[in-house]
$ cat entry.tsv   # TSV, C-alpha atoms
chain	number	residue	atom	x	y	z
A	1	MET	CA	-46.94	156.89	87.19
A	2	LEU	CA	-49.92	157.79	85.00
A	3	ARG	CA	-47.57	158.45	82.10
A	4	LEU	CA	-45.97	155.01	82.55
A	5	ILE	CA	-49.39	153.33	82.64
A	6	GLU	CA	-50.57	155.26	79.61
A	7	GLU	CA	-47.46	154.34	77.59
A	8	GLN	CA	-47.97	150.67	78.45
A	9	ILE	CA	-51.68	150.39	77.67
A	10	GLN	CA	-51.42	152.42	74.47
A	11	ARG	CA	-49.15	149.73	73.05
A	12	GLY	CA	-52.20	147.49	72.61
A	13	PRO	CA	-54.76	145.34	74.43
A	14	LYS	CA	-52.22	142.66	75.39
A	15	HIS	CA	-49.92	145.20	77.10
A	16	MET	CA	-51.09	145.59	80.69
A	17	VAL	CA	-50.13	146.89	84.12
A	18	HIS	CA	-50.17	144.77	87.28
A	19	PHE	CA	-50.21	146.33	90.75
A	20	LYS	CA	-48.51	144.04	93.27
A	21	CYS	CA	-50.06	145.04	96.58
A	22	LYS	CA	-49.09	143.53	99.92
A	23	ALA	CA	-52.49	144.01	101.56
A	24	LYS	CA	-56.06	143.39	100.49
A	25	TYR	CA	-57.24	146.81	101.64
A	26	GLY	CA	-55.91	150.36	101.60
A	27	TYR	CA	-55.26	150.81	97.90
A	28	GLU	CA	-58.83	151.79	96.99
A	29	PHE	CA	-57.99	155.47	96.52
A	30	LEU	CA	-55.12	154.62	94.19
A	31	PHE	CA	-57.25	152.28	92.05
A	32	VAL	CA	-60.20	154.69	91.89
A	33	GLU	CA	-57.95	157.54	90.71
A	34	ILE	CA	-56.29	155.36	88.06
A	35	SER	CA	-59.71	154.17	86.92
A	36	LYS	CA	-60.90	157.78	86.63
A	37	ALA	CA	-57.76	158.85	84.75
A	38	PHE	CA	-58.18	156.15	82.09
A	39	ASN	CA	-61.96	155.74	82.24
A	40	THR	CA	-61.55	152.00	82.69
A	41	LYS	CA	-61.83	149.21	85.25
A	42	SER	CA	-59.41	146.44	86.10
A	43	CYS	CA	-59.31	143.25	84.06
A	44	SER	CA	-57.65	139.85	83.97
A	45	LEU	CA	-53.99	139.57	83.03
A	46	ALA	CA	-54.56	136.10	81.56
A	47	SER	CA	-54.40	137.29	77.94
A	48	ALA	CA	-51.52	139.72	78.45
A	49	THR	CA	-48.27	139.19	76.58
A	50	ASP	CA	-46.39	142.17	78.04
A	51	VAL	CA	-46.98	143.15	81.67
A	52	ILE	CA	-45.26	145.77	83.78
A	53	THR	CA	-45.56	145.50	87.56
A	54	ILE	CA	-45.93	148.48	89.89
A	55	ILE	CA	-45.35	147.85	93.60
A	56	PRO	CA	-46.86	150.56	95.85
A	57	SER	CA	-44.58	150.85	98.89
A	58	THR	CA	-42.74	153.27	101.14
A	59	MET	CA	-40.20	150.76	102.42
A	60	SER	CA	-37.62	151.30	99.67
A	61	PHE	CA	-37.75	155.09	99.83
A	62	ASN	CA	-35.88	157.17	102.38
A	63	SER	CA	-35.81	160.74	103.65
A	64	ASN	CA	-33.30	161.69	100.94
A	65	ALA	CA	-35.84	160.99	98.18
A	66	GLU	CA	-36.56	163.88	95.86
A	67	PRO	CA	-40.10	164.73	94.66
A	68	ASP	CA	-39.29	163.18	91.29
A	69	ASP	CA	-38.26	159.91	92.97
A	70	VAL	CA	-41.84	158.71	93.51
A	71	LEU	CA	-41.50	156.04	90.82
A	72	LYS	CA	-38.31	153.95	90.63
A	73	ARG	CA	-37.52	151.36	88.00
A	74	ILE	CA	-36.07	148.29	89.74
A	75	SER	CA	-35.95	145.93	86.75
A	76	SER	CA	-36.95	145.88	83.09
A	77	HIS	CA	-40.65	145.37	83.88
A	78	THR	CA	-40.93	146.30	87.58
A	79	TYR	CA	-41.32	149.68	89.28
A	80	ARG	CA	-41.72	150.83	92.89
A	81	LEU	CA	-44.22	153.59	93.61
A	82	CYS	CA	-43.79	155.66	96.75
A	83	PHE	CA	-47.20	155.17	98.37
A	84	SER	CA	-48.31	155.41	101.98
A	85	PHE	CA	-51.52	154.28	103.65
A	86	HIS	CA	-51.25	156.84	106.40
A	87	PRO	CA	-49.88	160.33	106.98
A	88	SER	CA	-46.67	161.11	108.80
A	89	TYR	CA	-46.69	162.55	112.31
A	90	SER	CA	-45.94	166.05	110.99
A	91	GLU	CA	-48.82	165.78	108.48
A	92	ILE	CA	-51.19	164.83	111.31
A	93	CYS	CA	-49.98	167.82	113.34
A	94	ASP	CA	-50.46	170.13	110.36
A	95	LEU	CA	-54.00	168.85	109.81
A	96	ILE	CA	-54.94	169.25	113.48
A	97	GLN	CA	-53.50	172.75	113.49
A	98	TYR	CA	-55.47	173.60	110.34
A	99	LEU	CA	-58.78	172.13	111.56
A	100	GLN	CA	-58.38	173.29	115.17
A	101	PRO	CA	-60.77	170.74	116.69
A	102	GLU	CA	-62.03	171.20	120.24
A	103	LYS	CA	-60.90	167.69	121.12
A	104	CYS	CA	-58.60	165.20	119.43
A	105	LEU	CA	-58.40	161.57	120.55
A	106	PRO	CA	-55.77	159.12	119.29
A	107	LYS	CA	-57.01	155.83	117.86
A	108	CYS	CA	-54.38	153.21	118.59
A	109	ASP	CA	-53.70	149.95	120.36
A	110	SER	CA	-53.47	150.82	124.06
A	111	LEU	CA	-50.93	148.02	124.64
A	112	GLN	CA	-48.63	149.54	122.03
A	113	LEU	CA	-49.22	153.03	123.44
A	114	ASN	CA	-47.93	151.96	126.87
A	115	ARG	CA	-44.60	150.91	125.30
A	116	ILE	CA	-43.95	154.32	123.77
$ encode --input "entry.tsv" --output "structure tokens"
Amino acid sequence: MLRLIEEQIQRGPKHMVHFKCKAKYGYEFLFVEISKAFNTKSCSLASATDVITIIPSTMSFNSNAEPDDVLKRISSHTYRLCFSFHPSYSEICDLIQYLQPEKCLPKCDSLQLNRI
């Protein structure tokens, strides 16, 4: 993804990248890391003449995805980035096993928990 962003912004100041995010929160880590990588902050797309769109999502990726499948081109100017807000169940188990806490409490909606 960083290579794609770099190629786009090196074309000139009117060539920009737009992240189409479904939520207002949860993408902070992604934006901070991109900002660090390019030593820049976000700006307005108003003056852009060529914009590529990156959509962070896990919904269009499946268990058959390969490590190199994290960025998929879906049209001439649109890409999907495999991005998750939360770890999988196995990742949580691995972390708990690694940290070995004395106590581990789930944080979830108790109404939803009763349905499981």
$ closest_residue --input "entry.tsv" --among "A:Ser76, A:Thr40, A:Ser88, A:Ser35" --to "A:Thr53" --atoms "only C-alpha atoms"
A:Ser76
$ closest_residue --input "entry.tsv" --among "A:Arg80, A:Lys22, A:Lys107, A:Arg3" --to "A:Ile34" --atoms "only C-alpha atoms"
A:Arg3
$ atom_distance --input "entry.tsv" --atom1 "atom CA of A:Ile5" --atom2 "atom CA of A:Ile52"
8.7 Å
$ residues_around --input "entry.tsv" --residues "stretch 46-50 of chain A" --least-positions-apart "4" --cutoff "8 Å" --atoms "all atoms listed in the file" --output "PyMOL selection string"
chain A and resi 13-16
$ write_last_selection --input "entry.tsv" --atoms "C-alpha atoms" --output "mmCIF file, in the frame of the given file"
data_model
loop_
_atom_site.group_PDB
_atom_site.id
_atom_site.type_symbol
_atom_site.label_atom_id
_atom_site.label_comp_id
_atom_site.auth_asym_id
_atom_site.auth_seq_id
_atom_site.Cartn_x
_atom_site.Cartn_y
_atom_site.Cartn_z
ATOM 1 C CA PRO A 13 -54.760 145.340 74.430
ATOM 2 C CA LYS A 14 -52.220 142.660 75.390
ATOM 3 C CA HIS A 15 -49.920 145.200 77.100
ATOM 4 C CA MET A 16 -51.090 145.590 80.690
#
$ atom_distance --input "entry.tsv" --atom1 "atom CA of A:Gly26" --atom2 "atom CA of A:His77"
23.9 Å
$ residues_near_point --input "entry.tsv" --point "(-54.1, 157.6, 80.9)" --cutoff "12 Å" --atoms "all atoms listed in the file" --output "PyMOL selection string"
chain A and resi 1-10+17+33-40
$ atom_distance --input "entry.tsv" --atom1 "atom CA of A:Thr58" --atom2 "atom CA of A:Leu105"
26.3 Å
$ residues_around --input "entry.tsv" --residues "A:Cys104" --least-positions-apart "4" --cutoff "12 Å" --atoms "only C-alpha atoms" --output "mmCIF file with C-alpha atoms, in the coordinates of the input"
data_model
loop_
_atom_site.group_PDB
_atom_site.id
_atom_site.type_symbol
_atom_site.label_atom_id
_atom_site.label_comp_id
_atom_site.auth_asym_id
_atom_site.auth_seq_id
_atom_site.Cartn_x
_atom_site.Cartn_y
_atom_site.Cartn_z
ATOM 1 C CA ILE A 92 -51.190 164.830 111.310
ATOM 2 C CA CYS A 93 -49.980 167.820 113.340
ATOM 3 C CA LEU A 95 -54.000 168.850 109.810
ATOM 4 C CA ILE A 96 -54.940 169.250 113.480
ATOM 5 C CA GLN A 97 -53.500 172.750 113.490
ATOM 6 C CA LEU A 99 -58.780 172.130 111.560
ATOM 7 C CA GLN A 100 -58.380 173.290 115.170
#
